[in-house]
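Q: Once you've had a glance at the structure underneath, I'll fire off some questions.
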Amino acid sequence: MTRRLVIAGGSGFIGRLLGKSLVEGDFEVVVLTRSHDEAATPIHKVQWDGCTLGDWAGEIEGADVLVNLAGRSVNCRYNERNRREILESRIQSTRVLGEAVSRCRHPPRVWLNASTATIYKHTFYREMDEATGEIGATREAKDAFSVEVAKAWEKTFFEASTLATRKVALRTAMVFAQDHGGVYRTLRSLTRWGLGGSIAGGRQFISWIHEADFCRVVEWLIDRDDFNGPVNVASPNPVTQREMMRIIRGACGAPFGLPATRSMLEVAAFVHRTEAELIIKSRRVVPSRLLAAGFEFRFPMMEEAVWEIEQRIRHLPG
């Protein structure tokens with residue numbers, strides 16, 4: 001039986017990946033979007049502004065699943081305006097979706113809301129899972145703003161009055177995918193230009209997940225009525241930044257990668273209008289709840305994940 005699923009913020013990079021995967025399964029997918037894309041696709045698109053109730057709320061009535069991925073990209077400089085937009089886009093969209101769900105006569109049975117693995121403390125020495133992971137910022141990682149956003153985002157989500165709807169916060173790590181616009185393509189491009197070396201020493205851990213496993217986790221959580229609360233959506237095997245670049249260099253056939261110091265990274269981040277925190281922070285996050293419940297990752301090791309993505313990229317037309 002076809003199930004109806006609504007994705008808020010589904011026109012972003014992760015939303016497109018998820019929408020494509022779900023529509024190939026047994027889901028009728030509706031995307032709430034701010035864009036005016038009229039392209040013909042199997043996915044029905046409905047406009048919303050992400051902050052006020054409107055006709056779009058009718059799409060949630062009777063839907064089986066709600067997924068919220070809305071939020072301004074964090075790949076920018078954290079000036080006052082961008083900080084405000086990053087925070088408000090997450091809080092406002094989550095709050096108004098909660099209002100829409102609370103007004104439904106037949107609300108979704110499950111609401112999956114985006115969160116981030118960045119909520120955990122910067123660490124080199126211990127793994128962070130849902131039960132024992134420490135939440136907080138560190139001066140070394142310059143992550144105070146990011147952690148503040150993550151905590152406020154989850155607080156708004158879990159405080160929404162939706163008693164008939166199961167709620168899961170997706171604390172998602174970097175999603176490695178074939179398509180342009182994602183982090184893997186950026187890392188691949190740097191590697192092919194000879195810039196795929198260690199950064200700021202390369203000791204910081206990178207938590208990641210293959211695009212197929214991300215979509216499989218979401219589908220799995222939809223059907224697991226015993227799951228609520230925060231869930232780490234990440235491979236069980238985080239690697240150091242140094243090791244990650246070694247793997248990507250090997251897959252791309254790059255013989256070397258120039259290293260960069262922290263000061264060099266700060267300058268590069270300023271030039272490219274982004275923040276060094278995205279690379280400096282050590283995220284050693286593991287998916288203990290998924291593993292304990294028997295979820296099996298198709299790509300648990302980065303070597304396998306990167307190789308599979310590279311094979312698809314190389315066979316693209318042109």
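In the structure tokens, chains take letters A, B, ... by order of appearance, with residues numbered from 1 within each chain and ligands from 1 in the order shown.
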Given only C-alpha atoms, how would the per-residue table for stretch 230-298 of chain A near stretch 184-205 of chain A read, listing every residue at most 6 Å away with its closest atom pair and distance in Å to one decimal, sorted by chain and number, as a tab-separated table?
A:
```
residue	atom	partner	partner_atom	distance
A:Val239	CA	A:Phe205	CA	5.4
A:Thr240	CA	A:Phe205	CA	4.1
A:Gln241	CA	A:Gly202	CA	4.8
A:Arg242	CA	A:Gly202	CA	4.4
A:Met245	CA	A:Gly196	CA	5.7
A:Gly257	CA	A:Gly197	CA	4.0
A:Leu258	CA	A:Gly197	CA	4.7
A:Pro259	CA	A:Gly197	CA	4.3
A:Ala260	CA	A:Ile199	CA	4.8
A:Thr261	CA	A:Ala200	CA	4.6
A:Arg262	CA	A:Ala200	CA	4.4
A:Ser282	CA	A:Gln204	CA	4.2
A:Arg283	CA	A:Phe205	CA	5.2
A:Arg284	CA	A:Phe205	CA	5.4
```
Q: Quick one: everything within 9 Å of stretch 132-148 of chain A, counting only C-alpha atoms, minus sequence neighbours fewer than 6 positions away in the same chain. Send it as a ChimeraX atom specification.
A: /A:74,78,83,87,118-122,126,276-278,280-282,285
Q: Given the selection you just returned, output its residues as a file containing N, CA, C and O atoms, formatted as a PDB file, in the first residue's frame.
A:
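Output (again_2.pdb):
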```pdb
ATOM      1  N   VAL A  74      24.647  25.967   6.440  1.00  0.00           N
ATOM      2  CA  VAL A  74      25.659  26.468   7.375  1.00  0.00           C
ATOM      3  C   VAL A  74      26.985  26.737   6.666  1.00  0.00           C
ATOM      4  O   VAL A  74      27.950  27.173   7.299  1.00  0.00           O
ATOM      5  N   TYR A  78      29.765  33.158   9.482  1.00  0.00           N
ATOM      6  CA  TYR A  78      28.808  33.333  10.572  1.00  0.00           C
ATOM      7  C   TYR A  78      28.768  34.790  11.029  1.00  0.00           C
ATOM      8  O   TYR A  78      29.064  35.123  12.180  1.00  0.00           O
ATOM      9  N   ARG A  83      23.929  34.231  10.966  1.00  0.00           N
ATOM     10  CA  ARG A  83      23.600  33.528  12.213  1.00  0.00           C
ATOM     11  C   ARG A  83      22.097  33.579  12.482  1.00  0.00           C
ATOM     12  O   ARG A  83      21.489  32.567  12.854  1.00  0.00           O
ATOM     13  N   LEU A  87      19.645  30.179  12.488  1.00  0.00           N
ATOM     14  CA  LEU A  87      18.850  29.809  13.665  1.00  0.00           C
ATOM     15  C   LEU A  87      17.360  29.902  13.383  1.00  0.00           C
ATOM     16  O   LEU A  87      16.606  28.947  13.632  1.00  0.00           O
ATOM     17  N   THR A 118      26.832  17.645  15.101  1.00  0.00           N
ATOM     18  CA  THR A 118      27.654  18.710  15.670  1.00  0.00           C
ATOM     19  C   THR A 118      27.231  19.052  17.099  1.00  0.00           C
ATOM     20  O   THR A 118      27.961  19.737  17.812  1.00  0.00           O
ATOM     21  N   ILE A 119      26.099  18.558  17.531  1.00  0.00           N
ATOM     22  CA  ILE A 119      25.620  18.849  18.880  1.00  0.00           C
ATOM     23  C   ILE A 119      26.561  18.304  19.949  1.00  0.00           C
ATOM     24  O   ILE A 119      26.635  18.822  21.060  1.00  0.00           O
ATOM     25  N   TYR A 120      27.346  17.267  19.612  1.00  0.00           N
ATOM     26  CA  TYR A 120      28.261  16.666  20.586  1.00  0.00           C
ATOM     27  C   TYR A 120      29.559  17.461  20.696  1.00  0.00           C
ATOM     28  O   TYR A 120      29.965  18.158  19.765  1.00  0.00           O
ATOM     29  N   LYS A 121      30.238  17.290  21.825  1.00  0.00           N
ATOM     30  CA  LYS A 121      31.487  18.016  22.071  1.00  0.00           C
ATOM     31  C   LYS A 121      32.603  17.577  21.136  1.00  0.00           C
ATOM     32  O   LYS A 121      32.691  16.415  20.739  1.00  0.00           O
ATOM     33  N   HIS A 122      33.422  18.509  20.810  1.00  0.00           N
ATOM     34  CA  HIS A 122      34.678  18.284  20.086  1.00  0.00           C
ATOM     35  C   HIS A 122      35.540  17.314  20.895  1.00  0.00           C
ATOM     36  O   HIS A 122      35.821  17.554  22.072  1.00  0.00           O
ATOM     37  N   ARG A 126      37.181   9.990  22.701  1.00  0.00           N
ATOM     38  CA  ARG A 126      36.061   9.127  23.066  1.00  0.00           C
ATOM     39  C   ARG A 126      34.948   9.219  22.045  1.00  0.00           C
ATOM     40  O   ARG A 126      34.768  10.247  21.380  1.00  0.00           O
ATOM     41  N   ALA A 276      35.904  27.877   9.347  1.00  0.00           N
ATOM     42  CA  ALA A 276      36.908  26.837   9.592  1.00  0.00           C
ATOM     43  C   ALA A 276      36.386  25.751  10.526  1.00  0.00           C
ATOM     44  O   ALA A 276      36.853  24.612  10.497  1.00  0.00           O
ATOM     45  N   GLU A 277      35.405  26.079  11.355  1.00  0.00           N
ATOM     46  CA  GLU A 277      34.848  25.102  12.297  1.00  0.00           C
ATOM     47  C   GLU A 277      34.383  23.831  11.598  1.00  0.00           C
ATOM     48  O   GLU A 277      34.454  22.730  12.150  1.00  0.00           O
ATOM     49  N   LEU A 278      33.880  23.965  10.365  1.00  0.00           N
ATOM     50  CA  LEU A 278      33.345  22.812   9.643  1.00  0.00           C
ATOM     51  C   LEU A 278      34.401  21.738   9.442  1.00  0.00           C
ATOM     52  O   LEU A 278      34.074  20.550   9.293  1.00  0.00           O
ATOM     53  N   ILE A 280      37.671  21.975  11.403  1.00  0.00           N
ATOM     54  CA  ILE A 280      38.474  21.888  12.631  1.00  0.00           C
ATOM     55  C   ILE A 280      37.829  20.978  13.677  1.00  0.00           C
ATOM     56  O   ILE A 280      38.513  20.215  14.362  1.00  0.00           O
ATOM     57  N   LYS A 281      36.508  21.036  13.806  1.00  0.00           N
ATOM     58  CA  LYS A 281      35.855  20.298  14.887  1.00  0.00           C
ATOM     59  C   LYS A 281      35.982  18.796  14.697  1.00  0.00           C
ATOM     60  O   LYS A 281      35.757  18.273  13.604  1.00  0.00           O
ATOM     61  N   SER A 282      36.330  18.099  15.777  1.00  0.00           N
ATOM     62  CA  SER A 282      36.439  16.638  15.757  1.00  0.00           C
ATOM     63  C   SER A 282      35.113  16.037  16.186  1.00  0.00           C
ATOM     64  O   SER A 282      34.681  16.182  17.330  1.00  0.00           O
ATOM     65  N   VAL A 285      31.300  10.562  16.322  1.00  0.00           N
ATOM     66  CA  VAL A 285      29.929  10.178  16.640  1.00  0.00           C
ATOM     67  C   VAL A 285      29.647   8.769  16.120  1.00  0.00           C
ATOM     68  O   VAL A 285      30.015   8.434  14.991  1.00  0.00           O
TER      69      VAL A 285
END
```
Q: Please report the interatomic distance between atom CA of A:Pro255 and atom CA of A:His210 in Å with one decimal.
A: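 These two atoms are separated by 24.5 Å.
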Q: Atom CA of A:Val218 and atom CA of A:Cys51, how far apart in Å?
A: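 Interatomic distance here is 24.6 Å.
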Q: Contacts of A:Ser161 at 9 Å or less, counting only C-alpha atoms, minus same-chain residues fewer than 5 places along, as a PyMOL selection string?
A: chain A and resi 98-99+101-102
Q: Per DSSP on the backbone, filter stretch 78-216 of chain A down to the residues in helix (DSSP H, G or I) and report them as a PyMOL selection string.
A: chain A and resi 80-102+117-119+144-159+183-192+211-216
Q: Now that the selection is made, can you save its residues with C-alpha atoms as a PDB file, in the first residue's frame?
A:
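The resulting file, part_25.pdb, is reproduced below:
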```pdb
ATOM      1  CA  GLU A  80      25.183  38.501  12.375  1.00  0.00           C
ATOM      2  CA  ARG A  81      22.731  38.211   9.468  1.00  0.00           C
ATOM      3  CA  ASN A  82      23.704  34.637   8.576  1.00  0.00           C
ATOM      4  CA  ARG A  83      23.600  33.528  12.213  1.00  0.00           C
ATOM      5  CA  ARG A  84      20.091  34.893  12.546  1.00  0.00           C
ATOM      6  CA  GLU A  85      18.942  33.178   9.340  1.00  0.00           C
ATOM      7  CA  ILE A  86      20.548  29.843  10.272  1.00  0.00           C
ATOM      8  CA  LEU A  87      18.850  29.809  13.665  1.00  0.00           C
ATOM      9  CA  GLU A  88      15.476  31.238  12.673  1.00  0.00           C
ATOM     10  CA  SER A  89      15.074  29.054   9.585  1.00  0.00           C
ATOM     11  CA  ARG A  90      15.356  25.958  11.773  1.00  0.00           C
ATOM     12  CA  ILE A  91      13.329  27.164  14.745  1.00  0.00           C
ATOM     13  CA  GLN A  92      10.518  28.775  12.771  1.00  0.00           C
ATOM     14  CA  SER A  93      10.031  25.877  10.351  1.00  0.00           C
ATOM     15  CA  THR A  94      10.002  23.325  13.169  1.00  0.00           C
ATOM     16  CA  ARG A  95       7.595  25.417  15.253  1.00  0.00           C
ATOM     17  CA  VAL A  96       5.093  25.978  12.441  1.00  0.00           C
ATOM     18  CA  LEU A  97       5.173  22.307  11.465  1.00  0.00           C
ATOM     19  CA  GLY A  98       4.368  21.475  15.086  1.00  0.00           C
ATOM     20  CA  GLU A  99       1.379  23.834  14.904  1.00  0.00           C
ATOM     21  CA  ALA A 100       0.196  22.195  11.691  1.00  0.00           C
ATOM     22  CA  VAL A 101       0.488  18.688  13.157  1.00  0.00           C
ATOM     23  CA  SER A 102      -1.326  19.696  16.348  1.00  0.00           C
ATOM     24  CA  ALA A 117      25.972  15.380  14.910  1.00  0.00           C
ATOM     25  CA  THR A 118      27.654  18.710  15.670  1.00  0.00           C
ATOM     26  CA  ILE A 119      25.620  18.849  18.880  1.00  0.00           C
ATOM     27  CA  ALA A 144      29.544  27.620  20.399  1.00  0.00           C
ATOM     28  CA  PHE A 145      27.099  28.981  17.843  1.00  0.00           C
ATOM     29  CA  SER A 146      26.597  25.629  16.101  1.00  0.00           C
ATOM     30  CA  VAL A 147      25.903  23.819  19.368  1.00  0.00           C
ATOM     31  CA  GLU A 148      23.514  26.582  20.449  1.00  0.00           C
ATOM     32  CA  VAL A 149      21.569  26.160  17.203  1.00  0.00           C
ATOM     33  CA  ALA A 150      21.448  22.371  17.538  1.00  0.00           C
ATOM     34  CA  LYS A 151      20.157  22.514  21.104  1.00  0.00           C
ATOM     35  CA  ALA A 152      17.504  25.136  20.306  1.00  0.00           C
ATOM     36  CA  TRP A 153      16.412  23.159  17.231  1.00  0.00           C
ATOM     37  CA  GLU A 154      15.859  19.944  19.176  1.00  0.00           C
ATOM     38  CA  LYS A 155      14.199  21.799  22.074  1.00  0.00           C
ATOM     39  CA  THR A 156      11.650  23.332  19.706  1.00  0.00           C
ATOM     40  CA  PHE A 157      11.024  19.955  18.091  1.00  0.00           C
ATOM     41  CA  PHE A 158      10.478  17.960  21.262  1.00  0.00           C
ATOM     42  CA  GLU A 159       8.363  20.685  22.891  1.00  0.00           C
ATOM     43  CA  VAL A 183      30.519  17.572   0.701  1.00  0.00           C
ATOM     44  CA  TYR A 184      32.017  14.586  -1.125  1.00  0.00           C
ATOM     45  CA  ARG A 185      32.190  16.443  -4.442  1.00  0.00           C
ATOM     46  CA  THR A 186      33.966  19.332  -2.702  1.00  0.00           C
ATOM     47  CA  LEU A 187      36.528  17.005  -1.102  1.00  0.00           C
ATOM     48  CA  ARG A 188      37.006  15.198  -4.408  1.00  0.00           C
ATOM     49  CA  SER A 189      37.627  18.455  -6.260  1.00  0.00           C
ATOM     50  CA  LEU A 190      40.233  19.582  -3.714  1.00  0.00           C
ATOM     51  CA  THR A 191      41.942  16.199  -3.967  1.00  0.00           C
ATOM     52  CA  ARG A 192      42.133  16.293  -7.758  1.00  0.00           C
ATOM     53  CA  GLU A 211      23.835   8.354   0.866  1.00  0.00           C
ATOM     54  CA  ALA A 212      22.271   4.889   0.492  1.00  0.00           C
ATOM     55  CA  ASP A 213      22.610   4.190   4.207  1.00  0.00           C
ATOM     56  CA  PHE A 214      21.171   7.595   5.091  1.00  0.00           C
ATOM     57  CA  CYS A 215      18.030   6.874   3.056  1.00  0.00           C
ATOM     58  CA  ARG A 216      17.832   3.333   4.441  1.00  0.00           C
TER      59      ARG A 216
END
```
Q: Using DSSP on the backbone coordinates, identify the residues of stretch 233-282 of chain A assigned to strand (DSSP E or B); present them as a list in words.
A: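 Written out, the strand (DSSP E or B) residues of stretch 233-282 of chain A are Val233, Val239, Thr240 and Ala260 of chain A.
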Q: Take the selection from the previous step and output its residues with N, CA, C and O atoms, as a JSON list (two decimals), in the first residue's frame.
A:
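Output file part.json is given in full below:
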```json
[["chain", "number", "residue", "atom", "x", "y", "z"],
["A", 233, "VAL", "N", 22.69, 9.41, 13.10],
["A", 233, "VAL", "CA", 22.65, 8.89, 11.74],
["A", 233, "VAL", "C", 24.05, 9.06, 11.16],
["A", 233, "VAL", "O", 24.38, 10.08, 10.56],
["A", 239, "VAL", "N", 36.45, 8.33, 10.92],
["A", 239, "VAL", "CA", 37.89, 8.28, 10.64],
["A", 239, "VAL", "C", 38.48, 9.67, 10.87],
["A", 239, "VAL", "O", 37.76, 10.67, 10.89],
["A", 240, "THR", "N", 39.79, 9.73, 11.01],
["A", 240, "THR", "CA", 40.43, 11.04, 11.14],
["A", 240, "THR", "C", 40.43, 11.76, 9.79],
["A", 240, "THR", "O", 40.30, 11.12, 8.73],
["A", 260, "ALA", "N", 47.67, 21.59, 5.09],
["A", 260, "ALA", "CA", 47.38, 22.98, 5.42],
["A", 260, "ALA", "C", 47.36, 23.15, 6.92],
["A", 260, "ALA", "O", 46.83, 22.31, 7.64]]
```
Q: Of the candidates A:Glu296, A:Val67, A:Val23, A:Trp56, which shows the shortest atom-to-atom distance to A:Gly10, using only C-alpha atoms?
A: A:Val67
Q: If you take only C-alpha atoms and a cut-off of 7 Å, which residues of stretch 204-316 of chain A touch stretch 162-173 of chain A, and what are their nearest atom pairs and distances in Å to one decimal, in chain and number order, as CSV?
A:
```
residue,atom,partner,partner_atom,distance
A:Ser207,CA,A:Ala173,CA,5.5
A:Trp208,CA,A:Ala173,CA,4.9
A:Ile209,CA,A:Ala173,CA,6.5
A:Asn228,CA,A:Val168,CA,4.7
A:Gly229,CA,A:Val168,CA,4.8
A:Pro230,CA,A:Ala169,CA,4.5
A:Val231,CA,A:Leu170,CA,5.4
A:Asn232,CA,A:Arg171,CA,4.7
A:Val233,CA,A:Thr172,CA,4.6
A:Ala234,CA,A:Ala173,CA,5.4
```
Q: Quick one: residues within 8 Å of A:Ile7, only C-alpha atoms, excluding same-chain residues fewer than 2 positions away - as a list of chain:residue names?
A: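 The neighbour list is A:Leu5, A:Gly9, A:Gly10, A:Gly15, A:Gly19, A:Val29, A:Val30, A:Val31, A:Leu32, A:Leu66, A:Val67, A:Asn68, A:Leu69.
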Q: Those same residues, written as a compact mmCIF listing (two decimals), in the first residue's frame with all heavy atoms?
A:
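To be explicit, this is the file written out as result.txt:
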```
# COMPACT_ATOMS: atom_id res chain seq x y z
N LEU A 5 4.09 10.70 2.27
CA LEU A 5 5.16 11.27 3.07
C LEU A 5 5.40 12.71 2.65
O LEU A 5 5.52 13.00 1.46
CB LEU A 5 6.43 10.44 2.92
CG LEU A 5 7.68 10.88 3.68
CD1 LEU A 5 8.46 9.66 4.16
CD2 LEU A 5 8.59 11.74 2.81
N GLY A 9 11.31 21.31 3.28
CA GLY A 9 12.70 21.60 2.92
C GLY A 9 13.27 20.52 2.02
O GLY A 9 14.48 20.27 2.02
N GLY A 10 12.43 19.90 1.23
CA GLY A 10 12.87 18.77 0.41
C GLY A 10 13.57 19.13 -0.87
O GLY A 10 13.97 18.24 -1.63
N GLY A 15 17.37 16.63 0.89
CA GLY A 15 15.98 16.39 0.55
C GLY A 15 15.81 15.75 -0.81
O GLY A 15 14.95 14.87 -0.99
N GLY A 19 14.07 12.23 -1.26
CA GLY A 19 12.85 12.19 -2.06
C GLY A 19 12.95 11.20 -3.20
O GLY A 19 12.02 10.42 -3.46
N VAL A 29 5.36 11.05 -2.43
CA VAL A 29 6.16 12.09 -1.79
C VAL A 29 5.65 13.48 -2.14
O VAL A 29 5.46 13.81 -3.32
CB VAL A 29 7.65 11.96 -2.17
CG1 VAL A 29 8.47 13.09 -1.54
CG2 VAL A 29 8.20 10.60 -1.74
N VAL A 30 5.45 14.29 -1.11
CA VAL A 30 5.08 15.70 -1.26
C VAL A 30 6.20 16.53 -0.64
O VAL A 30 6.63 16.27 0.49
CB VAL A 30 3.76 16.02 -0.55
CG1 VAL A 30 3.44 17.51 -0.66
CG2 VAL A 30 2.62 15.18 -1.11
N VAL A 31 6.69 17.52 -1.37
CA VAL A 31 7.78 18.38 -0.89
C VAL A 31 7.24 19.78 -0.64
O VAL A 31 6.60 20.38 -1.51
CB VAL A 31 8.93 18.43 -1.92
CG1 VAL A 31 9.88 19.59 -1.62
CG2 VAL A 31 9.71 17.12 -1.90
N LEU A 32 7.49 20.29 0.56
CA LEU A 32 7.19 21.69 0.88
C LEU A 32 8.45 22.49 0.57
O LEU A 32 9.52 22.22 1.13
CB LEU A 32 6.81 21.84 2.35
CG LEU A 32 5.63 21.00 2.86
CD1 LEU A 32 5.36 21.30 4.34
CD2 LEU A 32 4.38 21.23 2.02
N LEU A 66 5.95 12.67 8.31
CA LEU A 66 6.46 14.02 8.09
C LEU A 66 7.97 14.01 8.34
O LEU A 66 8.42 13.50 9.37
CB LEU A 66 5.79 15.01 9.05
CG LEU A 66 6.37 16.43 9.09
CD1 LEU A 66 6.23 17.12 7.74
CD2 LEU A 66 5.67 17.26 10.18
N VAL A 67 8.72 14.55 7.39
CA VAL A 67 10.17 14.70 7.55
C VAL A 67 10.50 16.17 7.38
O VAL A 67 10.11 16.78 6.37
CB VAL A 67 10.95 13.87 6.50
CG1 VAL A 67 12.46 14.06 6.69
CG2 VAL A 67 10.59 12.39 6.60
N ASN A 68 11.20 16.74 8.34
CA ASN A 68 11.57 18.16 8.24
C ASN A 68 13.08 18.29 8.06
O ASN A 68 13.85 17.94 8.96
CB ASN A 68 11.14 18.93 9.48
CG ASN A 68 11.57 20.39 9.42
OD1 ASN A 68 11.72 20.95 8.34
ND2 ASN A 68 11.78 21.00 10.56
N LEU A 69 13.50 18.81 6.91
CA LEU A 69 14.91 19.05 6.61
C LEU A 69 15.18 20.53 6.38
O LEU A 69 16.25 20.89 5.89
CB LEU A 69 15.33 18.26 5.36
CG LEU A 69 15.09 16.74 5.41
CD1 LEU A 69 15.42 16.13 4.04
CD2 LEU A 69 15.94 16.09 6.49
```
Q: Here is a test: counting only C-alpha atoms, which residue of A:Leu53, A:Leu22, A:Ala251, A:Ile60 is nearest to A:Val6?
A: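 Ranked by minimum distance to A:Val6, first place goes to A:Ile60.
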Q: Between atom CA of A:Val306 and atom CA of A:Val217, what distance in Å does the model show, to one decimal?
A: 18.7 Å
Q: For each of A:Trp307, A:Arg249, A:Ala114, A:Arg105, take the minimum atom-to-atom distance to A:Glu61, counting only C-alpha atoms, then give the residue where this is smallest.
A: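 Nearest to A:Glu61: A:Arg105.
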